[in-house]
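Visitor: Dumping the structure here so I can ask a few things about it.
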Amino acid sequence: MSYTAPLKDMLFDIKHLARIDEIARMPAFEDAGFDTAQAVLEECARFNQEVVAPLNWEGDKNPSSLKDGVVHTTPGFKEAFRQYAEGGWQGLQHPLDFGGQGLPKTIGAACGEMLNAANMSFALCPLLTDGAIEALLTAGSDELKAIYLEKLVSGQWTGTMNLTEPQAGSDLAAVRTRAEPQPDGSYKVFGTKIYITYGEHDMAENIVHLVLARVPGAPEGVKGISLFVVPKFMVQADGSLGARNDVHCVSIEHKLGIKASPTAVLQYGDHGGAVGYLVGQENRGLEYMFIMMNAARYAVGMQGIAIADRAYQKAVQYARDRVQSRPVDGSLPGSGPIIHHPDVKRMLMTMRAYTEGCRAMASVAAAAYHASHHHPDAEVRQQNLAFYEFMVPLVKGYSTEMSQEVTALGVQVHGGMGFIEETGAAQYYRDAKILTIYEGTTAIQANDLVGRKTARDGGRTARALAAQVEATEAELMQGSAHAQALGRRLKAARQAFLDVVDFVCSGTKASPNAVFAGSVPYLMLAGNLVSGWQMARALLVAEQALASGDAGDFGADFMKAKVTTARFYGDHLLSKAPGMRDAIVEGAESVTELALDAF
């Protein structure tokens with residue numbers, strides 16, 4: 001199936017919810033207003049629709065393969081990546097100083113969604129490179145920046161994250177890879193890393209591995225981890241590539257989905273030690289790696305939105321084409337397309353509302369990221385930083401869990417044909433599953449939301465968010481019947497959220513098992529609230545446009561559809577919040593009380 005980028009919805013969010021013209025008034029983004037966003041997104045859509053999307057199905061049928069230590073990617077990937085790099089897409093939101101375009105995250109996030117919707121397996125390579133760039137920008141020495149950043153930003157080289165080991169999954173305290181200092185200031189790295197996305201491939205001339213390891217005498221646990229740059233090929237003084245480093249791919253995984261993306265097992269140091277270079281200071285590696293992980297977590301949330309939109313588009317197309325049964329209202333004389341059936345419309349509306357709600361949430365989070373770094377007022381920067389950090393586990397956790405439901409509904413809309421691989425619906429279902437697992441499972445995101453983002457500040461950030469929601473409720477209650485109905489749903493969801501925040505803040509130390517039993521439901525409640533809040537803001541914009549007769553380039557039909565989708569979100573998705581509150585606040589005992597040997 002072809003992919004059509006949802007440009008109108010992206011641009012609506014960027015203009016009316018993320019308010020890109022306000023971002024364009026901040027230092028460094030003066031030329032990045034709405035007109036720029038529209039031009040960039042239109043060209044990005046063309047590239048992804050024409051070049052990247054046609055390779056998606058081929059990648060599922062003909063995935064990456066390993067032969068004699070060399071990974072061969074799906075036919076067409078190497079050429080597509082060359083065009084991606086030459087188009088400047090890797091450097092879209094990276095600094096001008098290193099050859100990037102310096103555009104804001106709001107634009108970069110929308111482009112990332114298109115790339116992932118077109119072909120998630122392909123998109124993972126740029127995603128990991130973005131993380132490596134962010135880590136080096138933040139913690140790399142001037143020498144490391146000079147050697148690596150320009151080539152990474154250009155897409156000439158690619159980057160990886162190396163955290164996981166056979167005995168150390170999410171528990172990085174158990175990392176055993178070691179780094180031995182050398183007289184010239186470099187290190188020799190020895191160990192095994194698993195689940196390394198694009199750890200070996202044939203699409204770029206060099207791969208820059210960022211590797212967690214321990215130096216001699218390092219403290220036990222996470223406080224003793226350092227971060228190293230380990231290139232696949234050594235870089236010579238003139239910037240050209242030299243000898244192969246002592247890091248090799250020994251196998252790639254055979255996976256449920258994202259099959260075209262090579263997930264490598266990398267062996268470091270089997271032939272004397274892989275040469276590595278310290279990033280920042282010894283024993284602060286996890287701190288630096290979290291820079292990569294935060295960037296990656298937001299990006300994985302965008303992957304959830306992307307795959308959900310791709311599944312929705314395919315389901316709509318099938319529902320328009322598939323003729324089966326007479327509509328229950330007798331509106332057709334005989335059998336008609338299944339899109340006429342109420343339950344099919346319910347499924348499609350669920351897919352649509354979830355996707356639009358999460359896209360809006362992510363766009364607003366990206367705007368807060370800019371304000372946290374570039375707003376001239378220090379207090380505003382701090383407020384936006386707290387808001388953005390609160391949003392990261394929601395964008396990652398809620399959007400990826402949402403994608404599980406949406407891609408499953410996509411299969412369901414297809415009926416029995418959805419279970420047949422040749423229709424393509426199952427690929428999105430399979431590809432989406434990894435999203436709730438890598439870069440920290442949903443439970444890890446939820447633990448972060450409970451501990452670092454809610455309990456640590458006594459719920460201050462959460463309650464400040466709720467106050468913004470309440471202000472939107474007041475606007476809704478002055479509006480149409482649709483607005484008031486959504487306002488009532490939003491109020492109930494906000495009150496449920498605040499009850500849970502109180503529960504978390506009072507119980508995290510006193511009754512940790514009870515609180516963490518509801519940590520994932522809390523994340524889902526918070527994500528649901530914020531997505532519903534953004535849909536409510538969108539409804540207000542759309543109704544104002546319709547009332548004034550000025551829908552602009554979006555058109556009246558788009559605005560009417562936005563009102564209907566927002567109302568559906570309130571009635572069918574936001575309405576779940578009070579029940580989620582009850583399960584969290586009153587249901588912990590039934591989670592924790594069963595004896596372990598009774599399972």
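Ligands are numbered from 1 in the order shown, residues from 1 within each chain, and chains are lettered A, B, ... in the order they appear in the structure tokens.
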Quick one: everything within 7 Å of stretch 281-291 of chain A, counting only C-alpha atoms, minus sequence neighbours fewer than 5 positions away in the same chain. Send it as a count of residues only.
Guide: 11
Visitor: Taking only stretch 254-349 of chain A into account, list the residues labelled alpha helix (DSSP H) by DSSP (computed from the backbone), as a PyMOL selection string.
Guide: chain A and resi 285-321+342-349
Visitor: Which polymer residues have any atom within 12 Å of an atom of A:Glu22, counting only C-alpha atoms, with same-chain residues fewer than 2 positions away left out, as a ChimeraX atom specification?
Guide: /A:14-20,24-27,29-34,104,106,367-368,370-371,374-375
Visitor: Which residues, written as a compact mmCIF listing (two decimals) with C-alpha atoms, in the first residue's frame, have at least one atom at most 8 Å from stretch 160-168 of chain A, with only C-alpha atoms counted and residues fewer than 4 positions away on the same chain left out?
Guide:
```
# COMPACT_ATOMS: atom_id res chain seq x y z
CA LEU A 128 20.30 6.07 16.62
CA THR A 129 22.64 8.46 14.81
CA GLY A 131 21.19 10.06 19.70
CA ALA A 132 24.94 9.71 19.18
CA LEU A 172 22.94 -1.46 33.70
CA ALA A 173 24.60 -1.87 37.08
CA ALA A 174 25.53 -5.35 35.82
CA VAL A 175 27.55 -4.09 32.82
CA ARG A 176 30.86 -6.00 32.54
CA THR A 192 29.99 -8.29 24.32
CA LYS A 193 27.03 -6.06 23.50
CA ILE A 194 23.67 -7.36 22.33
CA TYR A 195 20.58 -5.85 20.66
CA ILE A 196 22.64 -3.20 18.88
CA THR A 197 20.42 -1.63 16.24
CA TYR A 198 22.36 -1.08 13.01
CA GLY A 199 25.48 -2.26 14.85
CA ILE A 207 29.87 3.31 12.21
CA VAL A 208 30.49 5.22 15.43
CA HIS A 209 29.65 3.06 18.44
CA LEU A 210 28.96 4.73 21.78
CA VAL A 211 29.75 2.06 24.35
CA LEU A 212 29.20 1.76 28.09
CA MET A 292 21.02 9.67 23.99
```
Visitor: Please report the interatomic distance between atom CA of A:Ser399 and atom CA of A:Leu449 in Å with one decimal.
Guide: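 It comes out at 14.7 Å.
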Visitor: Between atom CA of A:Lys491 and atom CA of A:Ala583, what is the spacing in Å?
Guide: 18.6 Å
Visitor: Restricting the calculation to only C-alpha atoms: of A:Val40, A:Cys125, A:Val189, A:Val500, which residue gets closest to A:Gln93?
Guide: A:Val40
Visitor: With a distance cut-off of 9 Å and only C-alpha atoms, select the neighbouring residues of stretch 259-265 of chain A, excluding the residue or stretch itself and same-chain residues fewer than 2 positions from it, and output the selection as JSON, numbers by chain.
Guide: {"A": [56, 58, 59, 60, 61, 62, 63, 64, 65, 66, 71, 72, 73, 74, 120, 121, 122, 123, 124, 125, 192, 193, 194, 195, 196, 197, 198, 199, 200, 201, 248, 249, 250, 251, 252, 253, 254, 255, 256, 257, 267, 431]}
Visitor: Could you write those residues out with N, CA and C atoms, as a CSV table (one decimal), in the first residue's frame?
Guide:
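Writing the result to selection.csv gives the following:
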```csv
chain,number,residue,atom,x,y,z
A,56,ASN,N,9.4,-0.6,2.2
A,56,ASN,CA,8.9,-1.2,3.5
A,56,ASN,C,8.5,-2.7,3.4
A,58,GLU,N,9.2,-4.8,1.0
A,58,GLU,CA,10.4,-5.5,0.6
A,58,GLU,C,11.3,-5.9,1.8
A,59,GLY,N,11.5,-4.9,2.7
A,59,GLY,CA,12.3,-5.2,3.9
A,59,GLY,C,11.7,-6.3,4.8
A,60,ASP,N,10.4,-6.4,4.8
A,60,ASP,CA,9.8,-7.4,5.6
A,60,ASP,C,10.0,-8.8,5.0
A,61,LYS,N,9.9,-8.8,3.7
A,61,LYS,CA,10.1,-10.1,2.9
A,61,LYS,C,11.6,-10.5,2.8
A,62,ASN,N,12.4,-9.5,2.7
A,62,ASN,CA,13.9,-9.7,2.4
A,62,ASN,C,14.7,-9.0,3.4
A,63,PRO,N,14.8,-9.4,4.6
A,63,PRO,CA,15.4,-8.6,5.6
A,63,PRO,C,16.9,-8.7,5.5
A,64,SER,N,17.6,-7.9,6.4
A,64,SER,CA,19.0,-7.9,6.5
A,64,SER,C,19.6,-9.3,6.7
A,65,SER,N,20.8,-9.5,6.2
A,65,SER,CA,21.4,-10.9,6.4
A,65,SER,C,22.9,-10.7,6.7
A,66,LEU,N,23.4,-11.7,7.4
A,66,LEU,CA,24.8,-11.7,7.8
A,66,LEU,C,25.5,-12.8,7.1
A,71,VAL,N,27.2,-7.6,7.1
A,71,VAL,CA,25.7,-7.5,7.1
A,71,VAL,C,25.3,-6.8,5.8
A,72,HIS,N,24.4,-7.4,5.1
A,72,HIS,CA,23.8,-6.9,3.8
A,72,HIS,C,22.4,-6.4,4.1
A,73,THR,N,22.1,-5.1,3.9
A,73,THR,CA,20.8,-4.7,4.2
A,73,THR,C,19.9,-5.0,3.0
A,74,THR,N,18.6,-4.8,3.2
A,74,THR,CA,17.6,-5.0,2.1
A,74,THR,C,18.0,-4.3,0.8
A,120,MET,N,9.8,1.9,9.1
A,120,MET,CA,10.3,1.9,10.4
A,120,MET,C,11.7,1.3,10.5
A,121,SER,N,11.9,0.2,9.8
A,121,SER,CA,13.2,-0.5,9.8
A,121,SER,C,14.3,0.4,9.3
A,122,PHE,N,14.0,1.1,8.2
A,122,PHE,CA,15.0,2.1,7.6
A,122,PHE,C,15.3,3.2,8.6
A,123,ALA,N,14.2,3.7,9.2
A,123,ALA,CA,14.3,4.9,10.1
A,123,ALA,C,15.1,4.7,11.3
A,124,LEU,N,15.3,3.5,11.7
A,124,LEU,CA,16.0,3.3,13.0
A,124,LEU,C,17.5,3.7,12.9
A,125,CYS,N,18.1,3.6,11.7
A,125,CYS,CA,19.5,4.0,11.6
A,125,CYS,C,19.7,5.5,11.8
A,192,THR,N,31.0,-7.9,25.3
A,192,THR,CA,30.0,-8.3,24.3
A,192,THR,C,28.8,-7.4,24.5
A,193,LYS,N,28.2,-6.9,23.4
A,193,LYS,CA,27.0,-6.1,23.5
A,193,LYS,C,26.0,-6.7,22.6
A,194,ILE,N,24.7,-6.7,23.1
A,194,ILE,CA,23.7,-7.4,22.3
A,194,ILE,C,22.6,-6.3,22.0
A,195,TYR,N,21.7,-6.7,21.1
A,195,TYR,CA,20.6,-5.8,20.7
A,195,TYR,C,21.0,-4.5,20.2
A,196,ILE,N,22.1,-4.5,19.4
A,196,ILE,CA,22.6,-3.2,18.9
A,196,ILE,C,22.1,-2.9,17.5
A,197,THR,N,21.1,-2.0,17.5
A,197,THR,CA,20.4,-1.6,16.2
A,197,THR,C,21.4,-1.0,15.3
A,198,TYR,N,21.4,-1.5,14.1
A,198,TYR,CA,22.4,-1.1,13.0
A,198,TYR,C,23.8,-1.1,13.5
A,199,GLY,N,24.1,-2.1,14.4
A,199,GLY,CA,25.5,-2.3,14.8
A,199,GLY,C,26.5,-2.6,13.7
A,200,GLU,N,25.9,-3.2,12.7
A,200,GLU,CA,26.7,-3.5,11.5
A,200,GLU,C,25.8,-3.4,10.3
A,201,HIS,N,26.3,-2.7,9.2
A,201,HIS,CA,25.5,-2.6,8.0
A,201,HIS,C,26.3,-2.1,6.9
A,248,HIS,N,33.5,-6.5,16.0
A,248,HIS,CA,32.9,-7.3,14.9
A,248,HIS,C,31.5,-7.8,15.3
A,249,CYS,N,30.7,-7.9,14.3
A,249,CYS,CA,29.4,-8.5,14.4
A,249,CYS,C,29.5,-10.0,14.3
A,250,VAL,N,29.0,-10.7,15.4
A,250,VAL,CA,29.1,-12.2,15.4
A,250,VAL,C,27.7,-12.8,15.0
A,251,SER,N,26.6,-12.0,15.1
A,251,SER,CA,25.3,-12.5,14.7
A,251,SER,C,24.4,-11.4,14.6
A,252,ILE,N,23.2,-11.6,13.9
A,252,ILE,CA,22.1,-10.7,14.0
A,252,ILE,C,20.9,-11.5,14.4
A,253,GLU,N,20.0,-10.8,15.0
A,253,GLU,CA,18.8,-11.4,15.6
A,253,GLU,C,17.7,-11.7,14.5
A,254,HIS,N,16.9,-12.7,14.7
A,254,HIS,CA,15.8,-13.1,13.8
A,254,HIS,C,14.6,-12.6,14.6
A,255,LYS,N,13.8,-11.6,14.1
A,255,LYS,CA,12.9,-10.9,15.0
A,255,LYS,C,11.4,-11.1,14.5
A,256,LEU,N,10.5,-10.7,15.4
A,256,LEU,CA,9.1,-10.7,15.1
A,256,LEU,C,8.8,-9.7,14.1
A,257,GLY,N,9.4,-8.5,14.2
A,257,GLY,CA,9.1,-7.4,13.3
A,257,GLY,C,10.4,-6.6,13.0
A,267,GLN,N,31.0,-8.0,19.2
A,267,GLN,CA,32.1,-8.5,20.1
A,267,GLN,C,33.3,-7.5,20.0
A,431,ASP,N,5.6,-5.0,13.6
A,431,ASP,CA,6.7,-4.0,13.8
A,431,ASP,C,6.4,-3.1,15.1
```
Visitor: Report, in Å to a single decimal, how far apart atom CA of A:Ile584 and atom CA of A:Val520 are.
Guide: 9.3 Å
Visitor: Could you give me, as a Markdown table, every stretch 417-513 of chain A residue with an atom at most 10 Å from stretch 527-551 of chain A, plus its closest atom pair and distance in Å to one decimal, counting only C-alpha atoms, rows ordered by chain then number?
Guide:
```
| residue | atom | partner | partner_atom | distance |
| --- | --- | --- | --- | --- |
| A:Leu465 | CA | A:Val530 | CA | 8.7 |
| A:Ala466 | CA | A:Val530 | CA | 9.1 |
| A:Gln468 | CA | A:Trp533 | CA | 9.1 |
| A:Val469 | CA | A:Trp533 | CA | 6.3 |
| A:Glu470 | CA | A:Trp533 | CA | 9.3 |
| A:Thr472 | CA | A:Arg537 | CA | 6.9 |
| A:Glu473 | CA | A:Ala536 | CA | 8.3 |
| A:Glu475 | CA | A:Leu540 | CA | 8.0 |
| A:Leu476 | CA | A:Leu540 | CA | 7.2 |
| A:Gly479 | CA | A:Leu540 | CA | 8.1 |
| A:Ser480 | CA | A:Glu543 | CA | 8.3 |
| A:His482 | CA | A:Leu539 | CA | 8.6 |
| A:Ala483 | CA | A:Leu539 | CA | 7.2 |
| A:Leu486 | CA | A:Ala536 | CA | 6.9 |
| A:Gly487 | CA | A:Ala536 | CA | 7.7 |
| A:Arg489 | CA | A:Gly532 | CA | 9.0 |
| A:Leu490 | CA | A:Trp533 | CA | 6.9 |
| A:Lys491 | CA | A:Leu529 | CA | 9.6 |
| A:Ala492 | CA | A:Leu529 | CA | 9.7 |
| A:Ala493 | CA | A:Leu529 | CA | 6.2 |
| A:Arg494 | CA | A:Leu529 | CA | 6.7 |
| A:Ala496 | CA | A:Leu529 | CA | 9.4 |
| A:Phe497 | CA | A:Leu529 | CA | 7.7 |
```
Visitor: Compile the contact shell of A:Gln101 as an mmCIF file with N, CA and C atoms, in the first residue's frame: residues with an atom at most 9 Å away, counting only C-alpha atoms, same-chain residues fewer than 2 positions apart removed.
Guide:
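So result-v2.cif came out as:
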```
data_model
loop_
_atom_site.group_PDB
_atom_site.id
_atom_site.type_symbol
_atom_site.label_atom_id
_atom_site.label_comp_id
_atom_site.auth_asym_id
_atom_site.auth_seq_id
_atom_site.Cartn_x
_atom_site.Cartn_y
_atom_site.Cartn_z
ATOM 1 N N GLY A 88 20.181 16.079 3.186
ATOM 2 C CA GLY A 88 20.381 16.828 4.426
ATOM 3 C C GLY A 88 19.434 16.453 5.534
ATOM 4 N N TRP A 89 18.730 15.331 5.391
ATOM 5 C CA TRP A 89 17.702 14.989 6.380
ATOM 6 C C TRP A 89 18.296 14.570 7.723
ATOM 7 N N GLY A 91 20.795 15.884 9.223
ATOM 8 C CA GLY A 91 21.193 17.073 9.980
ATOM 9 C C GLY A 91 20.089 18.079 10.210
ATOM 10 N N LEU A 92 18.846 17.683 9.966
ATOM 11 C CA LEU A 92 17.726 18.623 9.986
ATOM 12 C C LEU A 92 17.679 19.491 11.232
ATOM 13 N N GLN A 93 17.803 18.874 12.416
ATOM 14 C CA GLN A 93 17.670 19.649 13.650
ATOM 15 C C GLN A 93 18.978 19.725 14.441
ATOM 16 N N HIS A 94 20.087 19.495 13.734
ATOM 17 C CA HIS A 94 21.394 19.588 14.395
ATOM 18 C C HIS A 94 22.077 20.907 14.036
ATOM 19 N N PRO A 95 23.097 21.297 14.816
ATOM 20 C CA PRO A 95 23.635 22.664 14.718
ATOM 21 C C PRO A 95 24.279 22.990 13.371
ATOM 22 N N LEU A 96 24.141 24.244 12.999
ATOM 23 C CA LEU A 96 24.776 24.743 11.784
ATOM 24 C C LEU A 96 26.289 24.603 11.854
ATOM 25 N N GLY A 99 27.363 21.480 10.216
ATOM 26 C CA GLY A 99 26.779 21.153 8.921
ATOM 27 C C GLY A 99 25.309 20.854 8.934
ATOM 28 N N LEU A 103 17.113 23.362 12.476
ATOM 29 C CA LEU A 103 15.671 23.573 12.556
ATOM 30 C C LEU A 103 15.133 23.047 13.882
#
```
Visitor: Tell me which of A:Ala425, A:Ile437, A:Ala362, A:Met351 sits closest to A:Lys314, counting only C-alpha atoms.
Guide: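 Of A:Ala425, A:Ile437, A:Ala362, A:Met351, the one nearest A:Lys314, counting only C-alpha atoms, is A:Ala425.
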